[in-house]
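Enquirer: What follows is query-v6.pdb, made up of PDB, C-alpha atoms, pLDDT in the B column:
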ATOM      1  CA  MET R   1     102.518  82.759 107.334  1.00 60.00           C
ATOM      2  CA  ILE R   2     104.553  79.571 107.059  1.00 70.00           C
ATOM      3  CA  GLN R   3     102.587  76.495 107.981  1.00 68.00           C
ATOM      4  CA  THR R   4     104.313  73.307 109.000  1.00 77.00           C
ATOM      5  CA  ARG R   5     102.762  69.925 109.435  1.00 74.00           C
ATOM      6  CA  PRO R   6     103.374  67.902 112.587  1.00 77.00           C
ATOM      7  CA  LEU R   7     105.996  65.275 111.824  1.00 80.00           C
ATOM      8  CA  ASP R   8     104.362  62.686 114.075  1.00 84.00           C
ATOM      9  CA  THR R   9     100.863  62.957 112.576  1.00 84.00           C
ATOM     10  CA  THR R  10      99.546  61.548 109.316  1.00 90.00           C
ATOM     11  CA  VAL R  11      97.768  63.869 106.901  1.00 90.00           C
ATOM     12  CA  ASP R  12      94.468  62.091 107.581  1.00 92.00           C
ATOM     13  CA  ALA R  13      94.879  62.382 111.344  1.00 92.00           C
ATOM     14  CA  GLU R  14      95.760  66.061 111.041  1.00 91.00           C
ATOM     15  CA  GLN R  15      92.667  66.702 108.924  1.00 92.00           C
ATOM     16  CA  ALA R  16      90.503  64.894 111.498  1.00 93.00           C
ATOM     17  CA  GLN R  17      92.004  67.018 114.296  1.00 90.00           C
ATOM     18  CA  LEU R  18      91.381  70.218 112.374  1.00 91.00           C
ATOM     19  CA  GLU R  19      87.790  69.227 111.675  1.00 95.00           C
ATOM     20  CA  VAL R  20      87.181  68.623 115.386  1.00 93.00           C
ATOM     21  CA  LEU R  21      88.690  72.026 116.214  1.00 92.00           C
ATOM     22  CA  ARG R  22      86.580  73.781 113.566  1.00 94.00           C
ATOM     23  CA  LYS R  23      83.399  72.312 115.045  1.00 95.00           C
ATOM     24  CA  MET R  24      84.193  73.643 118.534  1.00 95.00           C
ATOM     25  CA  SER R  25      82.760  76.917 119.703  1.00 95.00           C
ATOM     26  CA  PRO R  26      85.237  79.710 120.457  1.00 94.00           C
ATOM     27  CA  SER R  27      84.617  79.282 124.176  1.00 96.00           C
ATOM     28  CA  GLU R  28      85.322  75.545 123.965  1.00 95.00           C
ATOM     29  CA  ARG R  29      88.569  76.182 122.048  1.00 94.00           C
ATOM     30  CA  LEU R  30      89.579  78.714 124.702  1.00 96.00           C
ATOM     31  CA  ARG R  31      88.731  76.267 127.505  1.00 96.00           C
ATOM     32  CA  ARG R  32      90.823  73.568 125.822  1.00 94.00           C
ATOM     33  CA  ALA R  33      93.730  75.962 125.257  1.00 94.00           C
ATOM     34  CA  CYS R  34      93.674  76.983 128.930  1.00 97.00           C
ATOM     35  CA  SER R  35      93.590  73.340 129.967  1.00 97.00           C
ATOM     36  CA  LEU R  36      96.575  72.530 127.754  1.00 95.00           C
ATOM     37  CA  THR R  37      98.470  75.522 129.139  1.00 95.00           C
ATOM     38  CA  GLU R  38      97.849  74.314 132.689  1.00 96.00           C
ATOM     39  CA  SER R  39      99.018  70.818 131.733  1.00 97.00           C
ATOM     40  CA  VAL R  40     102.248  72.223 130.294  1.00 96.00           C
ATOM     41  CA  ARG R  41     102.864  74.244 133.460  1.00 96.00           C
ATOM     42  CA  ARG R  42     102.376  71.130 135.595  1.00 97.00           C
ATOM     43  CA  LEU R  43     104.822  69.197 133.405  1.00 97.00           C
ATOM     44  CA  LEU R  44     107.366  72.012 133.629  1.00 97.00           C
ATOM     45  CA  ALA R  45     106.977  72.082 137.422  1.00 98.00           C
ATOM     46  CA  GLN R  46     107.524  68.334 137.619  1.00 98.00           C
ATOM     47  CA  GLY R  47     110.694  68.677 135.577  1.00 98.00           C
ATOM     48  CA  VAL R  48     111.963  71.402 137.918  1.00 98.00           C
ATOM     49  CA  ARG R  49     111.123  69.217 140.961  1.00 98.00           C
ATOM     50  CA  THR R  50     113.078  66.347 139.430  1.00 97.00           C
ATOM     51  CA  ARG R  51     116.120  68.521 138.748  1.00 97.00           C
ATOM     52  CA  HIS R  52     115.917  70.453 142.031  1.00 97.00           C
ATOM     53  CA  PRO R  53     114.412  68.293 144.797  1.00 97.00           C
ATOM     54  CA  ASP R  54     115.589  70.878 147.335  1.00 97.00           C
ATOM     55  CA  TYR R  55     113.463  73.707 145.833  1.00 97.00           C
ATOM     56  CA  SER R  56     110.474  74.993 147.760  1.00 97.00           C
ATOM     57  CA  GLU R  57     107.112  75.317 146.002  1.00 97.00           C
ATOM     58  CA  GLU R  58     107.790  79.044 145.569  1.00 97.00           C
ATOM     59  CA  GLN R  59     111.155  78.337 143.956  1.00 97.00           C
ATOM     60  CA  ILE R  60     109.480  75.801 141.654  1.00 98.00           C
ATOM     61  CA  ARG R  61     106.832  78.377 140.707  1.00 97.00           C
ATOM     62  CA  LEU R  62     109.541  80.932 139.910  1.00 98.00           C
ATOM     63  CA  ALA R  63     111.579  78.388 137.930  1.00 98.00           C
ATOM     64  CA  VAL R  64     108.527  77.593 135.785  1.00 98.00           C
ATOM     65  CA  ILE R  65     107.976  81.295 135.161  1.00 97.00           C
ATOM     66  CA  ARG R  66     111.637  81.618 134.243  1.00 97.00           C
ATOM     67  CA  LEU R  67     111.218  78.857 131.660  1.00 97.00           C
ATOM     68  CA  ILE R  68     108.297  80.733 130.103  1.00 95.00           C
ATOM     69  CA  LEU R  69     109.535  84.330 130.134  1.00 96.00           C
ATOM     70  CA  PRO R  70     112.548  85.670 128.253  1.00 96.00           C
ATOM     71  CA  ASP R  71     115.500  86.237 130.630  1.00 94.00           C
ATOM     72  CA  HIS R  72     115.368  90.034 130.481  1.00 96.00           C
ATOM     73  CA  LEU R  73     111.654  90.114 131.367  1.00 96.00           C
ATOM     74  CA  PHE R  74     112.132  87.632 134.198  1.00 96.00           C
ATOM     75  CA  ALA R  75     114.945  89.768 135.627  1.00 96.00           C
ATOM     76  CA  VAL R  76     112.754  92.877 135.543  1.00 97.00           C
ATOM     77  CA  ALA R  77     109.672  91.189 136.982  1.00 97.00           C
ATOM     78  CA  TYR R  78     111.464  89.014 139.564  1.00 97.00           C
ATOM     79  CA  PRO R  79     114.803  90.688 140.409  1.00 96.00           C
ATOM     80  CA  HIS R  80     114.895  88.864 143.747  1.00 96.00           C
ATOM     81  CA  ALA R  81     114.840  85.506 141.947  1.00 96.00           C
ATOM     82  CA  VAL R  82     117.550  85.834 139.300  1.00 92.00           C
ATOM     83  CA  ASN R  83     119.450  83.020 141.046  1.00 94.00           C
ATOM     84  CA  ILE R  84     116.630  80.537 140.366  1.00 95.00           C
ATOM     85  CA  VAL R  85     117.798  77.930 137.870  1.00 93.00           C
ATOM     86  CA  PRO R  86     115.121  75.956 136.052  1.00 93.00           C
TER
END
Could you write out this file's structure as structure tokens?
Expert:
Amino acid sequence: MIQTRPLDTTVDAEQAQLEVLRKMSPSERLRRACSLTESVRRLLAQGVRTRHPDYSEEQIRLAVIRLILPDHLFAVAYPHAVNIVP
């Protein structure tokens, strides 16, 4: 596995972050990961709203999904929404 260091984080800061993560229980790490995922989805939705102020909430939801899924999977799962542009 190739490991890369974050370019915007010092070595000391990265080590501190890793130590905090190691001290968390698995359930706490999962809770944090889910929270970060939800934050990313909200940010994606806001970007779609900015680009497409005319989209309904359903169209925004589909555009976010389209940003996450590969095109061929999106087309299979949501054939009615292939015209949605993120």
Enquirer: Which residues come within 12 Å of range 71-76 of chain R, counting only C-alpha atoms, excluding same-chain residues fewer than 6 positions away, as a list in words?
Expert: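 Counting only the stated atoms, we get Leu62, Ala63, Val64, Ile65, Val82, Asn83, Ile84, Val85 and Pro86 of chain R.
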Enquirer: Between R:Pro79, R:Arg61, R:Cys34, R:Glu19, single out the one closest to Gly47 in chain R, counting all atoms listed in the file.
Expert: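 Closest to Gly47 in chain R, using all atoms listed in the file: R:Arg61.
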Enquirer: Grab the CA of His52 in chain R to CA of Leu36 in chain R distance for me, in Å with one decimal place.
Expert: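 Answer for the CA of His52 in chain R to CA of Leu36 in chain R separation: 24.1 Å.
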Enquirer: Pick from R:Thr10, R:Thr50, R:Ser25, R:Thr37: nearest to Ile68 in chain R, with only C-alpha atoms counted?
Expert: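 Using only C-alpha atoms, Ile68 in chain R sits closest to R:Thr37.
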Enquirer: Quick one: distance from CA of Leu44 in chain R to CA of Pro70 in chain R in Å, one decimal?
Expert: 15.6 Å
Enquirer: From the set R:Gln15, R:Leu7, R:Ile60, R:Ala81, which residue has the shortest atom-to-atom contact distance to Arg41 in chain R, counting all atoms listed in the file?
Expert: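 Of R:Gln15, R:Leu7, R:Ile60, R:Ala81, the one nearest Arg41 in chain R, counting all atoms listed in the file, is R:Ile60.
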Enquirer: In Å, with one decimal, what is the gap from CA of Leu18 in chain R to CA of Ala33 in chain R?
Expert: 14.3 Å
Enquirer: Keeping just C-alpha atoms, export range 61-81 of chain R of this structure as a PDB file, in the first residue's frame.
Expert:
ATOM      1  CA  ARG R  61     -30.298  14.701  -4.178  1.00  0.00           C
ATOM      2  CA  LEU R  62     -29.851  12.902  -7.504  1.00  0.00           C
ATOM      3  CA  ALA R  63     -27.043  15.249  -8.576  1.00  0.00           C
ATOM      4  CA  VAL R  64     -25.168  14.504  -5.338  1.00  0.00           C
ATOM      5  CA  ILE R  65     -25.593  10.780  -5.926  1.00  0.00           C
ATOM      6  CA  ARG R  66     -24.334  11.261  -9.466  1.00  0.00           C
ATOM      7  CA  LEU R  67     -21.202  12.940  -8.109  1.00  0.00           C
ATOM      8  CA  ILE R  68     -20.562   9.951  -5.842  1.00  0.00           C
ATOM      9  CA  LEU R  69     -21.362   7.016  -8.126  1.00  0.00           C
ATOM     10  CA  PRO R  70     -19.524   6.108 -11.322  1.00  0.00           C
ATOM     11  CA  ASP R  71     -21.575   7.100 -14.404  1.00  0.00           C
ATOM     12  CA  HIS R  72     -22.426   3.542 -15.439  1.00  0.00           C
ATOM     13  CA  LEU R  73     -23.764   2.667 -11.970  1.00  0.00           C
ATOM     14  CA  PHE R  74     -25.777   5.879 -11.783  1.00  0.00           C
ATOM     15  CA  ALA R  75     -27.341   5.125 -15.174  1.00  0.00           C
ATOM     16  CA  VAL R  76     -28.338   1.632 -14.043  1.00  0.00           C
ATOM     17  CA  ALA R  77     -29.671   2.712 -10.656  1.00  0.00           C
ATOM     18  CA  TYR R  78     -31.358   5.945 -11.802  1.00  0.00           C
ATOM     19  CA  PRO R  79     -32.177   5.598 -15.526  1.00  0.00           C
ATOM     20  CA  HIS R  80     -34.893   8.242 -15.196  1.00  0.00           C
ATOM     21  CA  ALA R  81     -32.311  10.792 -14.034  1.00  0.00           C
TER      22      ALA R  81
END
